[in-house]
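Novice: Take a look at work.tsv, TSV, C-alpha atoms and all ligand atoms:
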```tsv
chain	number	residue	atom	x	y	z
A	1	MET	CA	-12.05	-2.36	11.85
A	2	PRO	CA	-8.48	-2.83	10.65
A	3	TYR	CA	-5.44	-2.99	12.96
A	4	GLN	CA	-7.39	-3.93	16.11
A	5	LYS	CA	-5.06	-6.79	17.01
A	6	GLU	CA	-1.95	-4.66	16.34
A	7	LEU	CA	-3.41	-1.91	18.53
A	8	LYS	CA	-4.23	-4.26	21.42
A	9	VAL	CA	-0.82	-5.96	21.36
A	10	ALA	CA	0.96	-2.59	21.11
A	11	GLU	CA	-1.01	-1.08	24.00
A	12	LEU	CA	-0.50	-4.10	26.27
A	13	ALA	CA	3.19	-4.40	25.38
A	14	VAL	CA	3.82	-0.70	25.99
A	15	GLN	CA	1.87	-0.85	29.25
A	16	ARG	CA	3.91	-3.81	30.52
A	17	ALA	CA	7.21	-2.21	29.48
A	18	THR	CA	6.19	1.09	31.09
A	19	LEU	CA	5.71	-0.74	34.41
A	20	LEU	CA	9.26	-2.07	34.10
A	21	THR	CA	10.62	1.44	33.46
A	22	LYS	CA	8.73	2.79	36.48
A	23	GLN	CA	10.50	0.29	38.69
A	24	VAL	CA	13.88	1.59	37.47
A	25	PHE	CA	12.66	5.22	37.72
A	26	HIS	CA	12.33	4.74	41.49
A	27	GLU	CA	15.71	3.12	41.95
A	28	LYS	CA	18.74	5.24	42.63
A	29	ALA	CA	21.07	3.08	40.54
A	30	LYS	CA	19.71	2.94	37.00
A	31	GLY	CA	22.65	1.11	35.39
A	32	THR	CA	23.44	4.02	33.09
A	33	LEU	CA	25.89	3.62	30.20
A	34	SER	CA	27.04	6.27	27.78
A	35	LYS	CA	26.60	5.36	24.10
A	36	ASP	CA	29.00	6.23	21.25
A	37	ASP	CA	27.10	9.47	20.58
A	38	LYS	CA	27.47	10.32	24.33
A	39	SER	CA	23.74	9.89	24.99
A	40	PRO	CA	22.67	7.81	28.01
A	41	VAL	CA	21.03	4.38	28.05
A	42	THR	CA	19.85	2.54	31.19
A	43	ILE	CA	18.77	-0.92	32.27
A	44	GLY	CA	15.22	0.42	31.84
A	45	ASP	CA	15.77	1.13	28.12
A	46	PHE	CA	17.23	-2.35	27.49
A	47	GLY	CA	14.58	-4.17	29.53
A	48	ALA	CA	11.68	-2.34	27.88
A	49	GLN	CA	13.08	-3.00	24.40
A	50	ALA	CA	13.44	-6.75	25.14
A	51	LEU	CA	9.88	-7.05	26.46
A	52	ILE	CA	8.24	-5.18	23.60
A	53	ILE	CA	10.18	-6.98	20.88
A	54	GLN	CA	9.31	-10.35	22.44
A	55	ALA	CA	5.59	-9.43	22.28
A	56	ILE	CA	5.80	-8.24	18.65
A	57	ARG	CA	7.71	-11.34	17.54
A	58	HIS	CA	5.23	-13.63	19.28
A	59	ASN	CA	2.23	-12.03	17.58
A	60	PHE	CA	3.65	-10.84	14.26
A	61	PRO	CA	6.70	-12.99	13.49
A	62	GLN	CA	7.03	-11.70	9.91
A	63	ASP	CA	7.25	-8.02	10.83
A	64	GLU	CA	10.50	-6.04	11.00
A	65	ILE	CA	11.51	-3.89	13.96
A	66	VAL	CA	13.51	-0.65	14.11
A	67	GLY	CA	14.49	-0.35	17.78
A	68	GLU	CA	16.75	2.32	19.24
A	69	GLU	CA	18.96	0.04	21.37
A	70	GLU	CA	21.26	-2.92	20.65
A	71	ALA	CA	22.90	-5.46	22.95
A	72	SER	CA	26.57	-5.47	21.93
A	73	THR	CA	27.87	-3.63	25.02
A	74	LEU	CA	25.73	-5.84	27.26
A	75	ARG	CA	27.35	-9.00	25.99
A	76	GLN	CA	30.59	-7.83	27.66
A	77	ASN	CA	28.84	-6.65	30.82
A	78	LYS	CA	27.52	-9.69	32.70
A	79	ASP	CA	26.55	-7.69	35.75
A	80	LEU	CA	24.32	-5.27	33.88
A	81	THR	CA	22.83	-8.14	31.85
A	82	LYS	CA	21.90	-9.87	35.11
A	83	GLN	CA	20.19	-6.74	36.42
A	84	ILE	CA	18.17	-6.38	33.21
A	85	TRP	CA	17.24	-10.07	33.26
A	86	SER	CA	15.86	-9.79	36.77
A	87	LEU	CA	13.66	-6.85	35.67
A	88	VAL	CA	12.47	-8.62	32.53
A	89	GLU	CA	11.79	-11.88	34.35
A	90	GLY	CA	9.66	-10.09	36.94
A	91	ALA	CA	7.67	-7.96	34.47
A	92	ARG	CA	4.14	-9.43	34.37
A	93	LEU	CA	0.75	-7.84	33.94
A	94	ASP	CA	-1.71	-8.75	36.71
A	95	ASP	CA	-3.95	-10.36	34.12
A	96	ALA	CA	-3.29	-13.87	32.82
A	97	GLU	CA	-5.22	-13.31	29.58
A	98	ALA	CA	-3.25	-10.17	28.73
A	99	GLU	CA	0.03	-11.91	29.57
A	100	SER	CA	-0.78	-14.86	27.35
A	101	GLU	CA	-1.75	-12.49	24.53
A	102	LEU	CA	1.74	-11.00	24.78
A	103	GLY	CA	3.26	-14.46	24.61
A	104	GLY	CA	4.53	-14.99	28.12
A	105	PRO	CA	8.00	-14.37	29.49
A	106	LEU	CA	11.38	-14.71	27.81
A	107	GLU	CA	13.20	-17.89	28.82
A	108	SER	CA	16.89	-16.98	29.14
A	109	THR	CA	19.31	-14.08	29.15
A	110	GLU	CA	20.49	-15.16	25.70
A	111	GLN	CA	16.90	-14.97	24.41
A	112	MET	CA	16.64	-11.53	25.97
A	113	LEU	CA	19.83	-10.29	24.27
A	114	GLN	CA	18.62	-11.72	20.96
A	115	ALA	CA	15.29	-9.93	21.39
A	116	ILE	CA	17.07	-6.61	21.99
A	117	ASP	CA	19.16	-7.16	18.84
A	118	ALA	CA	16.08	-7.98	16.75
A	119	GLY	CA	15.41	-4.23	16.59
A	120	ASN	CA	18.09	-3.95	13.93
A	121	SER	CA	15.94	-3.49	10.82
A	122	GLY	CA	17.14	-0.78	8.45
A	123	GLY	CA	13.56	0.44	7.96
A	124	GLY	CA	12.38	1.54	4.53
A	125	ALA	CA	9.44	2.09	2.20
A	126	LYS	CA	8.09	-1.47	1.94
A	127	GLY	CA	6.35	-3.83	4.32
A	128	ARG	CA	5.40	-3.77	7.99
A	129	ILE	CA	8.00	-2.14	10.26
A	130	TRP	CA	7.60	-1.38	13.97
A	131	ALA	CA	9.47	1.69	15.27
A	132	LEU	CA	10.35	1.30	18.94
A	133	ASP	CA	11.81	3.78	21.44
A	134	PRO	CA	11.87	1.85	24.74
A	135	ILE	CA	12.53	5.04	26.73
A	136	ASP	CA	12.22	8.32	24.88
A	137	GLY	CA	13.67	11.20	26.86
A	138	THR	CA	16.23	9.10	28.72
A	139	LYS	CA	17.72	12.32	30.08
A	140	GLY	CA	14.30	13.24	31.47
A	141	PHE	CA	13.97	9.74	32.91
A	142	LEU	CA	17.30	10.21	34.74
A	143	ARG	CA	16.34	13.71	35.88
A	144	GLY	CA	13.00	12.59	37.34
A	145	GLY	CA	10.97	14.30	34.62
A	146	GLN	CA	8.85	13.25	31.66
A	147	TYR	CA	9.65	10.26	29.48
A	148	ALA	CA	7.67	7.97	27.19
A	149	VAL	CA	7.66	4.37	25.97
A	150	CYS	CA	6.92	4.65	22.24
A	151	LEU	CA	5.80	2.12	19.64
A	152	ALA	CA	4.41	2.57	16.12
A	153	LEU	CA	3.57	0.32	13.21
A	154	ILE	CA	4.65	1.72	9.83
A	155	GLU	CA	3.27	-0.01	6.74
A	156	ASP	CA	4.70	0.87	3.33
A	157	GLY	CA	6.04	4.10	4.83
A	158	ASP	CA	2.75	5.15	6.47
A	159	VAL	CA	2.18	5.15	10.24
A	160	LYS	CA	-0.87	2.94	10.89
A	161	VAL	CA	-0.77	2.48	14.69
A	162	GLY	CA	0.90	4.61	17.37
A	163	VAL	CA	1.11	4.10	21.15
A	164	LEU	CA	2.78	6.22	23.85
A	165	GLY	CA	3.09	5.21	27.51
A	166	CYS	CA	3.63	8.35	29.62
A	167	PRO	CA	3.90	7.38	33.31
A	168	ASN	CA	4.53	10.93	34.57
A	169	LEU	CA	1.75	12.80	32.77
A	170	PRO	CA	-1.58	13.34	34.55
A	171	VAL	CA	-4.37	10.82	33.84
A	172	ASP	CA	-6.83	13.69	33.44
A	173	ASP	CA	-6.86	15.00	29.84
A	174	SER	CA	-8.04	18.40	31.05
A	175	ALA	CA	-5.33	18.88	33.69
A	176	PRO	CA	-3.42	22.08	32.98
A	177	LEU	CA	-0.01	21.82	31.38
A	178	ALA	CA	2.07	23.26	34.20
A	179	ALA	CA	5.43	24.76	33.36
A	180	ASP	CA	7.12	22.66	36.03
A	181	VAL	CA	5.60	19.34	35.02
A	182	GLY	CA	8.85	18.41	33.32
A	183	GLU	CA	11.06	18.93	36.30
A	184	HIS	CA	8.80	17.84	39.13
A	185	GLY	CA	6.32	15.46	37.56
A	186	THR	CA	6.44	12.06	39.21
A	187	ASP	CA	4.33	8.97	38.89
A	188	GLU	CA	2.40	9.46	42.09
A	189	GLU	CA	-1.39	8.96	42.35
A	190	GLY	CA	-3.29	10.40	39.36
A	191	LYS	CA	-0.37	10.05	36.96
A	192	GLY	CA	0.23	7.64	34.11
A	193	VAL	CA	-1.49	7.65	30.73
A	194	LEU	CA	-1.49	5.51	27.61
A	195	PHE	CA	-2.14	7.35	24.33
A	196	ALA	CA	-3.01	5.47	21.14
A	197	ALA	CA	-4.18	6.06	17.58
A	198	VAL	CA	-5.00	4.06	14.47
A	199	GLN	CA	-4.95	5.75	11.08
A	200	GLY	CA	-8.47	6.91	10.21
A	201	GLN	CA	-9.88	5.83	13.59
A	202	GLY	CA	-9.01	8.77	15.88
A	203	ALA	CA	-6.84	9.05	18.98
A	204	THR	CA	-7.51	7.94	22.56
A	205	SER	CA	-6.14	8.13	26.08
A	206	ARG	CA	-6.62	5.79	29.04
A	207	PRO	CA	-5.07	5.46	32.48
A	208	LEU	CA	-2.11	3.08	32.65
A	209	SER	CA	-2.99	-0.04	34.60
A	210	ARG	CA	-1.10	-3.04	36.02
A	211	GLY	CA	-3.39	-5.56	34.35
A	212	SER	CA	-5.80	-5.53	31.41
A	213	LEU	CA	-6.43	-2.24	29.56
A	214	LYS	CA	-8.67	0.29	31.31
A	215	PRO	CA	-11.49	1.96	29.31
A	216	SER	CA	-10.35	4.62	26.85
A	217	GLN	CA	-11.74	7.96	25.76
A	218	SER	CA	-11.20	9.88	22.58
A	219	ILE	CA	-8.90	12.90	22.63
A	220	ASN	CA	-8.82	16.01	20.49
A	221	MET	CA	-6.58	19.01	20.08
A	222	LYS	CA	-7.93	22.22	21.53
A	223	PRO	CA	-9.21	24.70	18.93
A	224	VAL	CA	-7.00	27.81	18.94
A	225	LYS	CA	-9.24	30.87	18.58
A	226	ASP	CA	-6.46	33.40	19.01
A	227	ILE	CA	-2.90	32.34	18.27
A	228	THR	CA	-1.52	34.91	20.74
A	229	ASP	CA	-3.14	32.83	23.54
A	230	ALA	CA	-1.42	29.61	22.46
A	231	THR	CA	0.98	27.62	24.62
A	232	PHE	CA	3.86	25.85	22.95
A	233	CYS	CA	5.91	22.84	24.04
A	234	GLU	CA	9.58	22.35	23.35
A	235	SER	CA	12.48	20.09	24.38
A	236	VAL	CA	14.27	20.56	27.67
A	237	GLU	CA	17.72	20.06	26.16
A	238	ALA	CA	18.91	23.09	24.20
A	239	GLY	CA	21.09	20.68	22.22
A	240	HIS	CA	18.01	18.92	20.80
A	241	SER	CA	16.09	21.91	19.47
A	242	SER	CA	16.79	25.63	19.14
A	243	HIS	CA	15.19	27.49	22.04
A	244	ALA	CA	16.28	30.79	20.44
A	245	ASP	CA	14.56	30.12	17.10
A	246	GLN	CA	11.47	28.82	18.89
A	247	ALA	CA	11.32	32.00	21.01
A	248	ALA	CA	11.63	34.15	17.88
A	249	ILE	CA	8.77	32.24	16.23
A	250	ALA	CA	6.59	32.62	19.31
A	251	LYS	CA	7.32	36.35	19.34
A	252	LYS	CA	6.42	36.67	15.66
A	253	LEU	CA	3.08	34.98	16.36
A	254	GLY	CA	2.45	37.30	19.32
A	255	ILE	CA	2.62	34.45	21.84
A	256	THR	CA	3.43	35.78	25.31
A	257	ARG	CA	2.98	32.68	27.49
A	258	THR	CA	6.22	30.98	28.47
A	259	SER	CA	6.87	27.74	26.67
A	260	VAL	CA	6.45	24.43	28.48
A	261	ARG	CA	9.64	22.41	28.33
A	262	MET	CA	9.34	18.66	28.64
A	263	ASP	CA	11.31	15.67	27.47
A	264	SER	CA	10.14	13.01	25.07
A	265	GLN	CA	7.06	12.38	22.93
A	266	ALA	CA	4.99	13.36	25.98
A	267	LYS	CA	4.96	16.69	24.06
A	268	TYR	CA	2.97	15.09	21.20
A	269	GLY	CA	0.61	13.36	23.65
A	270	SER	CA	0.05	16.57	25.59
A	271	ILE	CA	-0.93	18.73	22.63
A	272	ALA	CA	-3.06	15.91	21.18
A	273	ARG	CA	-5.21	15.95	24.36
A	274	GLY	CA	-5.47	19.76	24.29
A	275	ALA	CA	-2.98	20.42	27.11
A	276	GLY	CA	-0.80	22.88	25.22
A	277	ASP	CA	-1.32	23.82	21.58
A	278	LEU	CA	1.87	23.68	19.53
A	279	TYR	CA	5.07	21.60	19.45
A	280	LEU	CA	8.11	23.24	17.89
A	281	ARG	CA	11.38	21.36	17.35
A	282	LEU	CA	13.77	23.39	15.25
A	283	PRO	CA	17.13	21.95	14.31
A	284	VAL	CA	20.25	23.03	16.12
A	285	SER	CA	22.67	21.17	13.90
A	286	LYS	CA	22.75	20.91	10.11
A	287	THR	CA	23.87	17.28	10.20
A	288	TYR	CA	21.66	15.64	12.87
A	289	GLN	CA	18.95	13.42	11.40
A	290	GLU	CA	15.88	12.83	13.56
A	291	LYS	CA	15.20	9.15	14.32
A	292	ILE	CA	11.91	7.55	13.22
A	293	TRP	CA	11.30	6.11	16.73
A	294	ASP	CA	11.35	9.64	18.21
A	295	HIS	CA	8.35	10.74	16.10
A	296	ALA	CA	6.28	7.95	14.51
A	297	ALA	CA	3.74	7.36	17.30
A	298	GLY	CA	3.42	11.05	18.20
A	299	ASP	CA	2.97	12.09	14.57
A	300	LEU	CA	-0.06	9.78	14.14
A	301	ILE	CA	-1.59	10.57	17.56
A	302	VAL	CA	-1.49	14.33	16.88
A	303	ARG	CA	-2.87	13.99	13.33
A	304	GLU	CA	-5.67	11.68	14.50
A	305	ALA	CA	-6.55	14.21	17.22
A	306	GLY	CA	-7.10	16.92	14.60
A	307	GLY	CA	-3.58	18.22	14.15
A	308	GLN	CA	-1.11	18.65	11.35
A	309	VAL	CA	2.54	17.63	11.67
A	310	THR	CA	5.22	18.74	9.20
A	311	ASP	CA	8.88	19.59	9.21
A	312	ALA	CA	10.16	23.18	9.20
A	313	GLU	CA	9.65	23.39	5.41
A	314	GLY	CA	6.06	22.17	5.49
A	315	LYS	CA	6.77	18.61	4.32
A	316	ARG	CA	5.02	15.69	6.06
A	317	LEU	CA	7.41	13.56	8.13
A	318	ASP	CA	8.63	10.78	5.82
A	319	PHE	CA	9.02	7.48	7.66
A	320	SER	CA	10.04	5.54	4.53
A	321	LYS	CA	13.68	6.64	4.36
A	322	GLY	CA	15.23	4.13	6.76
A	323	ARG	CA	16.02	4.50	10.46
A	324	THR	CA	16.08	8.31	10.27
A	325	LEU	CA	13.85	11.06	8.90
A	326	ALA	CA	16.54	11.73	6.30
A	327	GLU	CA	14.34	14.02	4.20
A	328	ASN	CA	13.05	16.20	7.05
A	329	LYS	CA	14.44	18.99	9.19
A	330	GLY	CA	12.67	19.92	12.43
A	331	VAL	CA	9.06	19.39	13.52
A	332	VAL	CA	6.08	21.77	13.56
A	333	ALA	CA	2.93	20.27	15.12
A	334	ALA	CA	-0.25	22.34	15.50
A	335	PRO	CA	-4.04	22.12	15.19
A	336	LYS	CA	-4.92	21.90	11.46
A	337	ALA	CA	-6.61	25.30	11.42
A	338	VAL	CA	-3.52	27.23	12.55
A	339	HIS	CA	-0.71	25.06	11.19
A	340	GLU	CA	-0.23	27.19	8.06
A	341	GLN	CA	0.04	30.35	10.14
A	342	VAL	CA	2.63	28.77	12.47
A	343	LEU	CA	4.61	27.37	9.54
A	344	THR	CA	4.75	30.79	7.88
A	345	ALA	CA	6.32	32.22	11.05
A	346	VAL	CA	8.78	29.29	11.18
A	347	MET	CA	9.87	29.86	7.59
A	348	GLU	CA	10.23	33.62	8.11
A	349	VAL	CA	12.43	33.14	11.17
A	350	LEU	CA	14.58	30.41	9.63
A	351	GLY	CA	14.77	32.22	6.27
A	352	SER	CA	16.03	35.42	7.83
A	353	LYS	CA	18.94	33.71	9.58
B	401	LIG	N1	21.33	16.56	18.52
B	401	LIG	C1	20.09	16.14	18.64
B	401	LIG	N2	19.10	16.84	18.04
B	401	LIG	C2	17.83	16.44	18.14
B	401	LIG	N3	17.45	15.35	18.85
B	401	LIG	C3	18.39	14.63	19.45
B	401	LIG	C4	19.75	14.98	19.39
B	401	LIG	N4	20.45	14.07	20.10
B	401	LIG	C5	19.57	13.19	20.57
B	401	LIG	N5	18.33	13.52	20.17
B	401	LIG	C6	17.09	12.78	20.40
B	401	LIG	O1	16.22	13.51	21.23
B	401	LIG	C7	15.41	12.58	21.92
B	401	LIG	C8	14.78	13.23	23.09
B	401	LIG	O2	14.11	14.33	22.59
B	401	LIG	P1	13.41	15.33	23.52
B	401	LIG	O3	12.52	16.21	22.75
B	401	LIG	O4	12.82	14.59	24.65
B	401	LIG	O5	14.61	16.19	24.01
B	401	LIG	S1	14.89	16.61	25.43
B	401	LIG	O6	15.52	15.45	26.09
B	401	LIG	O7	13.73	17.15	26.06
B	401	LIG	O8	15.83	17.64	25.23
B	401	LIG	C9	16.38	11.51	22.28
B	401	LIG	O9	15.66	10.32	22.43
B	401	LIG	P2	16.13	9.23	23.52
B	401	LIG	O10	17.55	8.87	23.15
B	401	LIG	O11	15.17	8.13	23.24
B	401	LIG	O12	15.97	9.85	24.84
B	401	LIG	C10	17.32	11.47	21.08
B	401	LIG	O13	16.99	10.46	20.16
B	402	MG	MG	18.60	7.46	23.35
B	403	MG	MG	13.91	8.97	21.77
B	404	MG	MG	15.22	6.17	23.74
```
Represent the supplied structure as structure tokens.
Ligand SMILES: Nc1ncnc2c1ncn2[C@@H]1O[C@H](COP(=O)(O)OS(=O)(=O)O)[C@@H](OP(=O)(O)O)[C@H]1O
Ligand SMILES: [Mg+2]
Ligand SMILES: [Mg+2]
Ligand SMILES: [Mg+2]
Specialist:
Amino acid sequence: MPYQKELKVAELAVQRATLLTKQVFHEKAKGTLSKDDKSPVTIGDFGAQALIIQAIRHNFPQDEIVGEEEASTLRQNKDLTKQIWSLVEGARLDDAEAESELGGPLESTEQMLQAIDAGNSGGGAKGRIWALDPIDGTKGFLRGGQYAVCLALIEDGDVKVGVLGCPNLPVDDSAPLAADVGEHGTDEEGKGVLFAAVQGQGATSRPLSRGSLKPSQSINMKPVKDITDATFCESVEAGHSSHADQAAIAKKLGITRTSVRMDSQAKYGSIARGAGDLYLRLPVSKTYQEKIWDHAAGDLIVREAGGQVTDAEGKRLDFSKGRTLAENKGVVAAPKAVHEQVLTAVMEVLGSK
């Protein structure tokens, strides 16, 4: 079967990086900086990006990488660089074989900074490009809520492999999607899941481990018999998607359950395993372009679990346009059988504005 090596490396690399982020999640001081666009980045984001890029470069040296973070501010901040180095140096899976598959540790802080900066590909329509979000939902991560470590392989514009590490989601695929999981979910016992998909091969989940990969099981979206019974997921931050438009769409569909708000691509993973039914992300701003690393893995995992993912106009997400989804506005993810119905409501609400 194609892409087995890519899948294994991606799952192990995401698992190892997720362990690093968990360590930071439990520390009070997370080394937070504010980026030019005012969004936060922490030592966890930088450390996870360095580790994952090192593993990709070791195994697939020809491939390009589109990573969210870059190291320029770190080069002036020796103290923060030291903190990240100590995390990266200590990040090992409890399994020698898995570690050697990932290519072993980085050797110096300079190598680490270079690895972070190797995520600088411009993306595009040709060749093999990995899209990496070392911590998606950084605000959730800082708040003690949901976040995800996200990695996808895009080949000639098509997502072939997608992996999401979600340390604060329940291991159990059938656990209910509680409304407060975003605010109060923590990585205690029974939490921590790794989602994965390969194009044409279905989607899986498995518990996160500290060593080699645990056994996986296949996941599927839940069939929606009656759309009025559906539960939808949306962002926590009102600045990232329009809660008002999403509420109007839910009302139009006759949905009465309150939406579940959670940060990050944990929303894609949740609906793919049948915990929740729909993911709506309607644009707040006319100018914001969604980033490919915020959607590539989740898009494939949902589609391989029996879903359809489009933008608010019904177009498939187009990962071939560079670092952003320049041709798309918003996201509508739903089981295939009801996607059309949901999209019609989306277009009616947006059209009448
Ligand atoms: N204005 C605007 N509109 C839409 N999206 C934006 C916007 N600004 C930022 N972002 C990106 O949102 C990513 C987090 O998305 P979430 O769905 O988790 O949002 S939320 O944090 O729950 O509100 C977040 O990803 P991370 O930076 O990896 O956390 C951002 O890339
Ligand atoms: Mg960010
Ligand atoms: Mg993100
Ligand atoms: Mg991020």
Novice: Wanna dump the segment 117-234 of chain A-segment 305-321 of chain A contacts at 7 Å for me, each residue with its shortest atom pair and the distance in Å to one decimal, counting all atoms listed in the file, ordered by chain and number, as a tab-separated table?
Specialist:
```
residue	atom	partner	partner_atom	distance
A:Gly124	CA	A:Ser320	CA	4.6
A:Ala125	CA	A:Ser320	CA	4.2
A:Gly157	CA	A:Ser320	CA	4.3
A:Asp158	CA	A:Phe319	CA	6.8
A:Gly202	CA	A:Ala305	CA	6.1
A:Ala203	CA	A:Ala305	CA	5.5
A:Ile219	CA	A:Ala305	CA	6.0
A:Asn220	CA	A:Ala305	CA	4.4
A:Met221	CA	A:Ala305	CA	5.6
```
Novice: Calculate how many Å separate atom CA of Lys139 of chain A from atom O13 of ligand LIG 401 (chain B), rounding to one decimal.
Specialist: 10.1 Å
Novice: If the limit is 9 Å from any atom of ligand MG 402 (chain B), counting all atoms listed in the file, which residues qualify? Return them as JSON, numbers by chain.
Specialist: {"A": [35, 39, 40, 41, 45, 68, 69, 133, 134, 135, 136, 137, 138, 139]}
Novice: With distances taken over all atoms listed in the file, which of A:His58, A:Ile301, A:Thr42, A:Glu234 is nearest to ligand MG 404 (chain B)?
Specialist: A:Thr42
Novice: Quote the spacing between atom CA of Val161 of chain A and atom CA of Ile65 of chain A in Å to one decimal place.
Specialist: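 Spanning atom CA of Val161 of chain A to atom CA of Ile65 of chain A is a straight-line distance of 13.9 Å.
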Novice: Return as a list in words the residues of protein, DNA or RNA that approach ligand LIG 401 (chain B) to within 7 Å, with all atoms listed in the file taken into account.
Specialist: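 Taking all atoms listed in the file into account, the residues around ligand LIG 401 (chain B) at most 7 Å away are Ser39, Asp133, Ile135, Asp136, Gly137, Thr138, Lys139, Gly140, Glu234, Ser235, Val236, Glu237, Ala238, Gly239, His240, Ser241, Met262, Asp263, Ser264, Gln265, Pro283, Val284, Ser285, Tyr288, Glu290, Lys291 and Asp294 of chain A.
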Novice: Skip segment 274-278 of chain A itself and residues of its chain fewer than 2 positions away, then list as a list in words all residues within 6 Å of it, counting only C-alpha atoms.
Specialist: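 So the residues in contact are Leu177, Met221, Lys222, Ala230, Thr231, Phe232, Ser270, Ile271, Ala272, Ala333 and Ala334 of chain A.
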Novice: Fewer than 5 positions away in the same chain doesn't count, so skip those; otherwise give me all residues within 9 Å of Val9 of chain A, counting only C-alpha atoms, as an MDAnalysis selection string.
Specialist: chainID A and resid 4 14 55:56 59 98 101:102
Novice: Between A:Pro207, A:Gly298, A:Gly122, A:Pro176, which residue has the minimum interatomic distance to ligand MG 403 (chain B), considering only C-alpha atoms and all ligand atoms?
Specialist: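 Using only C-alpha atoms and all ligand atoms, the shortest distance to ligand MG 403 (chain B) belongs to A:Gly298.
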Novice: Can you measure atom CA of Lys286 of chain A to atom CA of Arg323 of chain A for me? One decimal in Å is fine.
Specialist: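 Between atom CA of Lys286 of chain A and atom CA of Arg323 of chain A the gap is 17.7 Å.
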Novice: What lies within 12 Å of Leu350 of chain A using all atoms listed in the file, ignoring chain neighbours under 2 positions off, as a list in words?
Specialist: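 Here the qualifying residues turn out to be Ser242, Ala244, Asp245, Gln246, Ala247, Ala248, Ile249, Lys252, Leu282, Pro283, Val284, Ala312, Glu313, Lys329, Gly330, Leu343, Thr344, Ala345, Val346, Met347, Glu348, Ser352 and Lys353 of chain A.
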Novice: Limited to C-alpha atoms, could you put the picked residues into a file as an mmCIF file, in the frame of the given file?
Specialist:
```cif
data_model
loop_
_atom_site.group_PDB
_atom_site.id
_atom_site.type_symbol
_atom_site.label_atom_id
_atom_site.label_comp_id
_atom_site.auth_asym_id
_atom_site.auth_seq_id
_atom_site.Cartn_x
_atom_site.Cartn_y
_atom_site.Cartn_z
ATOM 1 C CA SER A 242 16.790 25.630 19.140
ATOM 2 C CA ALA A 244 16.280 30.790 20.440
ATOM 3 C CA ASP A 245 14.560 30.120 17.100
ATOM 4 C CA GLN A 246 11.470 28.820 18.890
ATOM 5 C CA ALA A 247 11.320 32.000 21.010
ATOM 6 C CA ALA A 248 11.630 34.150 17.880
ATOM 7 C CA ILE A 249 8.770 32.240 16.230
ATOM 8 C CA LYS A 252 6.420 36.670 15.660
ATOM 9 C CA LEU A 282 13.770 23.390 15.250
ATOM 10 C CA PRO A 283 17.130 21.950 14.310
ATOM 11 C CA VAL A 284 20.250 23.030 16.120
ATOM 12 C CA ALA A 312 10.160 23.180 9.200
ATOM 13 C CA GLU A 313 9.650 23.390 5.410
ATOM 14 C CA LYS A 329 14.440 18.990 9.190
ATOM 15 C CA GLY A 330 12.670 19.920 12.430
ATOM 16 C CA LEU A 343 4.610 27.370 9.540
ATOM 17 C CA THR A 344 4.750 30.790 7.880
ATOM 18 C CA ALA A 345 6.320 32.220 11.050
ATOM 19 C CA VAL A 346 8.780 29.290 11.180
ATOM 20 C CA MET A 347 9.870 29.860 7.590
ATOM 21 C CA GLU A 348 10.230 33.620 8.110
ATOM 22 C CA SER A 352 16.030 35.420 7.830
ATOM 23 C CA LYS A 353 18.940 33.710 9.580
#
```
Novice: Pick the closest to Phe46 of chain A from A:Gly119, A:Pro223, A:Gly200, A:Gly144: which is it, counting all atoms listed in the file?
Specialist: A:Gly119
